[in-house]
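Structure, as structure tokens:
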Amino acid sequence: QVQLVESGGGLVQPGGSLRLSCAASGIIFSGYSMAWYRQAPGKQRELVARITSGGSTNYADSVKGRFTISRDNAKNTVHLQMNSLKPEDTAVYYCNARMGFTYSYWGQGTQVTVSS
């Protein structure tokens with residue numbers, strides 16, 4: 001059974017930082033592209049950052065220079081370091097594991113709220 005378990009969300013003031021983690025089980029982690037998506041109320045889910053199985057990364061323009069995605073294949077974990085947070089970063093953040101067009105799994109999401 002595939003499980004993706006996110007952690008690290010919470011309430012933070014503007015300008016603050018958070019580090020999200022996603023622990024995967026039930027998959028050969030190193031073979032999967034891992035990503036973080038987010039969904040704000042009333043908006044569509046959007047890609048925040050992705051890291052491929054080979055370690056290449058890409059980011060949404062809105063988070064470039066502020067967020068960093070990384071992976072630890074030994075621990076089957078992917079992280080999202082979020083710095084200089086803004087109120088518009090408020091959303092539920094979801095972890096995604098994908099291999100090709102066939103296999104795609106989602107975590108349950110973790111709430112990030114940026115507010116003073």
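By convention here, the chains of the structure tokens are called A, B, ... in the order presented, each chain's residues are numbered starting at 1, and ligands are numbered starting at 1 in the order presented.
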Just list the residues in chain A DSSP gives strand (DSSP E) on the backbone, as a ChimeraX atom specification. /A:3-7,10-12,18-25,33-39,46-51,57-59,67-72,77-82,91-99,103-106,110-114
Distance query region 92-101 of chain A at most 10 Å, only C-alpha atoms, self and fewer than 5 positions along chain excluded, as a PyMOL selection string: chain A and resi 2-7+9+20-24+27+29+31-41+45-53+78-80+106-113
For the selection just defined, write its residues with C-alpha atoms to a file, as a PDB file, in the first residue's frame.
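As written to disk, out_11.pdb reads:
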ATOM      1  CA  VAL A   2       1.397   3.369  -1.050  1.00  0.00           C
ATOM      2  CA  GLN A   3       1.455   6.063   1.596  1.00  0.00           C
ATOM      3  CA  LEU A   4       2.649   9.644   1.421  1.00  0.00           C
ATOM      4  CA  VAL A   5       2.560  11.402   4.782  1.00  0.00           C
ATOM      5  CA  GLU A   6       3.156  15.147   4.926  1.00  0.00           C
ATOM      6  CA  SER A   7       4.234  17.036   8.016  1.00  0.00           C
ATOM      7  CA  GLY A   9       2.688  22.715   8.172  1.00  0.00           C
ATOM      8  CA  LEU A  20       7.562  20.581   4.938  1.00  0.00           C
ATOM      9  CA  SER A  21       8.410  16.895   4.806  1.00  0.00           C
ATOM     10  CA  CYS A  22       6.795  14.002   2.982  1.00  0.00           C
ATOM     11  CA  ALA A  23       7.605  10.441   3.967  1.00  0.00           C
ATOM     12  CA  ALA A  24       6.853   7.812   1.337  1.00  0.00           C
ATOM     13  CA  ILE A  27       7.026   2.640  -3.610  1.00  0.00           C
ATOM     14  CA  PHE A  29      11.143   6.010  -3.951  1.00  0.00           C
ATOM     15  CA  GLY A  31      12.480   5.898  -9.195  1.00  0.00           C
ATOM     16  CA  TYR A  32       9.773   8.479  -8.665  1.00  0.00           C
ATOM     17  CA  SER A  33       9.574  12.144  -9.486  1.00  0.00           C
ATOM     18  CA  MET A  34       8.424  13.956  -6.343  1.00  0.00           C
ATOM     19  CA  ALA A  35       6.541  17.209  -6.190  1.00  0.00           C
ATOM     20  CA  TRP A  36       4.738  19.629  -3.937  1.00  0.00           C
ATOM     21  CA  TYR A  37       1.433  21.122  -5.010  1.00  0.00           C
ATOM     22  CA  ARG A  38      -0.780  23.563  -3.186  1.00  0.00           C
ATOM     23  CA  GLN A  39      -4.410  24.521  -3.241  1.00  0.00           C
ATOM     24  CA  ALA A  40      -5.779  27.713  -1.786  1.00  0.00           C
ATOM     25  CA  PRO A  41      -9.499  28.148  -1.041  1.00  0.00           C
ATOM     26  CA  ARG A  45      -4.354  22.981  -7.263  1.00  0.00           C
ATOM     27  CA  GLU A  46      -1.040  24.228  -8.624  1.00  0.00           C
ATOM     28  CA  LEU A  47       2.462  22.856  -8.895  1.00  0.00           C
ATOM     29  CA  VAL A  48       4.878  24.473  -6.463  1.00  0.00           C
ATOM     30  CA  ALA A  49       8.081  22.502  -7.034  1.00  0.00           C
ATOM     31  CA  ARG A  50       9.247  19.218  -8.509  1.00  0.00           C
ATOM     32  CA  ILE A  51      12.378  17.133  -8.190  1.00  0.00           C
ATOM     33  CA  THR A  52      12.978  14.318 -10.625  1.00  0.00           C
ATOM     34  CA  SER A  53      14.467  10.936  -9.853  1.00  0.00           C
ATOM     35  CA  VAL A  78      11.149  14.804   0.161  1.00  0.00           C
ATOM     36  CA  HIS A  79      11.338  18.235   1.751  1.00  0.00           C
ATOM     37  CA  LEU A  80      10.180  21.713   0.869  1.00  0.00           C
ATOM     38  CA  TRP A 106      -1.009  11.886  -3.325  1.00  0.00           C
ATOM     39  CA  GLY A 107      -0.652  12.615   0.339  1.00  0.00           C
ATOM     40  CA  GLN A 108      -3.457  13.904   2.517  1.00  0.00           C
ATOM     41  CA  GLY A 109      -2.145  17.468   2.617  1.00  0.00           C
ATOM     42  CA  THR A 110      -0.839  19.791   5.291  1.00  0.00           C
ATOM     43  CA  GLN A 111      -2.143  23.282   5.993  1.00  0.00           C
ATOM     44  CA  VAL A 112       0.199  26.252   5.735  1.00  0.00           C
ATOM     45  CA  THR A 113      -1.142  29.576   6.951  1.00  0.00           C
TER      46      THR A 113
END
| request: Write out as a list in words all residues of chain A that backbone DSSP assigns to helix (DSSP H, G or I). | output: Phe29, Ser30, Gly31, Asp61, Ser62, Val63, Pro87, Glu88 and Asp89 of chain A
When you look at Leu11 (chain A) with a cut-off of 12 Å (counting only C-alpha atoms), what residues show up, excluding the ones that are within fewer than 2 positions of it in the same chain? I need them as a PDB file with N, CA and C atoms, in the first residue's frame.
ATOM      1  N   GLY A   8       4.840  19.175   8.948  1.00  0.00           N
ATOM      2  CA  GLY A   8       5.586  20.425   8.991  1.00  0.00           C
ATOM      3  C   GLY A   8       4.779  21.681   8.729  1.00  0.00           C
ATOM      4  N   GLY A   9       3.504  21.529   8.404  1.00  0.00           N
ATOM      5  CA  GLY A   9       2.688  22.715   8.172  1.00  0.00           C
ATOM      6  C   GLY A   9       2.372  23.427   9.478  1.00  0.00           C
ATOM      7  N   GLN A  13       4.240  33.763  10.609  1.00  0.00           N
ATOM      8  CA  GLN A  13       4.089  35.169  10.248  1.00  0.00           C
ATOM      9  C   GLN A  13       4.717  35.451   8.886  1.00  0.00           C
ATOM     10  N   PRO A  14       4.246  36.479   8.216  1.00  0.00           N
ATOM     11  CA  PRO A  14       4.887  36.869   6.946  1.00  0.00           C
ATOM     12  C   PRO A  14       6.385  37.090   7.148  1.00  0.00           C
ATOM     13  N   GLY A  15       7.158  36.584   6.181  1.00  0.00           N
ATOM     14  CA  GLY A  15       8.608  36.657   6.282  1.00  0.00           C
ATOM     15  C   GLY A  15       9.241  35.472   6.971  1.00  0.00           C
ATOM     16  N   GLY A  16       8.430  34.636   7.574  1.00  0.00           N
ATOM     17  CA  GLY A  16       8.936  33.478   8.296  1.00  0.00           C
ATOM     18  C   GLY A  16       9.229  32.295   7.389  1.00  0.00           C
ATOM     19  N   SER A  17       9.617  31.197   8.023  1.00  0.00           N
ATOM     20  CA  SER A  17       9.998  29.993   7.291  1.00  0.00           C
ATOM     21  C   SER A  17       9.291  28.769   7.848  1.00  0.00           C
ATOM     22  N   LEU A  18       9.109  27.797   6.985  1.00  0.00           N
ATOM     23  CA  LEU A  18       8.619  26.483   7.361  1.00  0.00           C
ATOM     24  C   LEU A  18       9.319  25.444   6.506  1.00  0.00           C
ATOM     25  N   ARG A  19       9.426  24.239   7.045  1.00  0.00           N
ATOM     26  CA  ARG A  19       9.986  23.132   6.276  1.00  0.00           C
ATOM     27  C   ARG A  19       8.986  21.999   6.270  1.00  0.00           C
ATOM     28  N   LEU A  85       8.080  33.682   3.599  1.00  0.00           N
ATOM     29  CA  LEU A  85       6.686  33.339   3.301  1.00  0.00           C
ATOM     30  C   LEU A  85       5.806  34.576   3.239  1.00  0.00           C
ATOM     31  N   LYS A  86       4.823  34.485   2.346  1.00  0.00           N
ATOM     32  CA  LYS A  86       3.890  35.580   2.118  1.00  0.00           C
ATOM     33  C   LYS A  86       2.468  35.089   2.394  1.00  0.00           C
ATOM     34  N   PRO A  87       1.552  35.992   2.687  1.00  0.00           N
ATOM     35  CA  PRO A  87       0.163  35.562   2.907  1.00  0.00           C
ATOM     36  C   PRO A  87      -0.398  34.776   1.727  1.00  0.00           C
ATOM     37  N   ASP A  89       0.997  32.589   0.099  1.00  0.00           N
ATOM     38  CA  ASP A  89       1.450  31.196   0.143  1.00  0.00           C
ATOM     39  C   ASP A  89       0.511  30.321   0.969  1.00  0.00           C
ATOM     40  N   THR A  90      -0.467  30.932   1.612  1.00  0.00           N
ATOM     41  CA  THR A  90      -1.421  30.181   2.411  1.00  0.00           C
ATOM     42  C   THR A  90      -2.197  29.200   1.546  1.00  0.00           C
ATOM     43  N   ALA A  91      -2.163  27.937   1.919  1.00  0.00           N
ATOM     44  CA  ALA A  91      -2.812  26.885   1.139  1.00  0.00           C
ATOM     45  C   ALA A  91      -2.638  25.553   1.856  1.00  0.00           C
ATOM     46  N   VAL A  92      -3.327  24.552   1.343  1.00  0.00           N
ATOM     47  CA  VAL A  92      -3.029  23.182   1.731  1.00  0.00           C
ATOM     48  C   VAL A  92      -1.971  22.672   0.753  1.00  0.00           C
ATOM     49  N   THR A 110      -1.146  19.120   4.031  1.00  0.00           N
ATOM     50  CA  THR A 110      -0.839  19.791   5.291  1.00  0.00           C
ATOM     51  C   THR A 110      -1.100  21.283   5.102  1.00  0.00           C
ATOM     52  N   GLN A 111      -1.734  21.880   6.093  1.00  0.00           N
ATOM     53  CA  GLN A 111      -2.143  23.282   5.993  1.00  0.00           C
ATOM     54  C   GLN A 111      -0.964  24.198   6.327  1.00  0.00           C
ATOM     55  N   VAL A 112      -0.763  25.185   5.471  1.00  0.00           N
ATOM     56  CA  VAL A 112       0.199  26.252   5.735  1.00  0.00           C
ATOM     57  C   VAL A 112      -0.576  27.570   5.729  1.00  0.00           C
ATOM     58  N   THR A 113      -0.464  28.289   6.829  1.00  0.00           N
ATOM     59  CA  THR A 113      -1.142  29.576   6.951  1.00  0.00           C
ATOM     60  C   THR A 113      -0.121  30.650   7.270  1.00  0.00           C
ATOM     61  N   VAL A 114      -0.077  31.677   6.434  1.00  0.00           N
ATOM     62  CA  VAL A 114       0.860  32.786   6.636  1.00  0.00           C
ATOM     63  C   VAL A 114       0.035  34.020   6.988  1.00  0.00           C
ATOM     64  N   SER A 115       0.154  34.427   8.224  1.00  0.00           N
ATOM     65  CA  SER A 115      -0.680  35.527   8.709  1.00  0.00           C
ATOM     66  C   SER A 115      -0.044  36.155   9.935  1.00  0.00           C
ATOM     67  N   SER A 116      -0.263  37.455  10.073  1.00  0.00           N
ATOM     68  CA  SER A 116       0.211  38.148  11.271  1.00  0.00           C
ATOM     69  C   SER A 116      -0.884  38.195  12.323  1.00  0.00           C
TER      70      SER A 116
END
Practice prompt. Could you check which of A:Gln81, A:Asn76, A:Thr68, A:Gln44 is closest to Gly26 (chain A), using only C-alpha atoms?
Written response: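 Closest to Gly26 (chain A), using only C-alpha atoms: A:Asn76.
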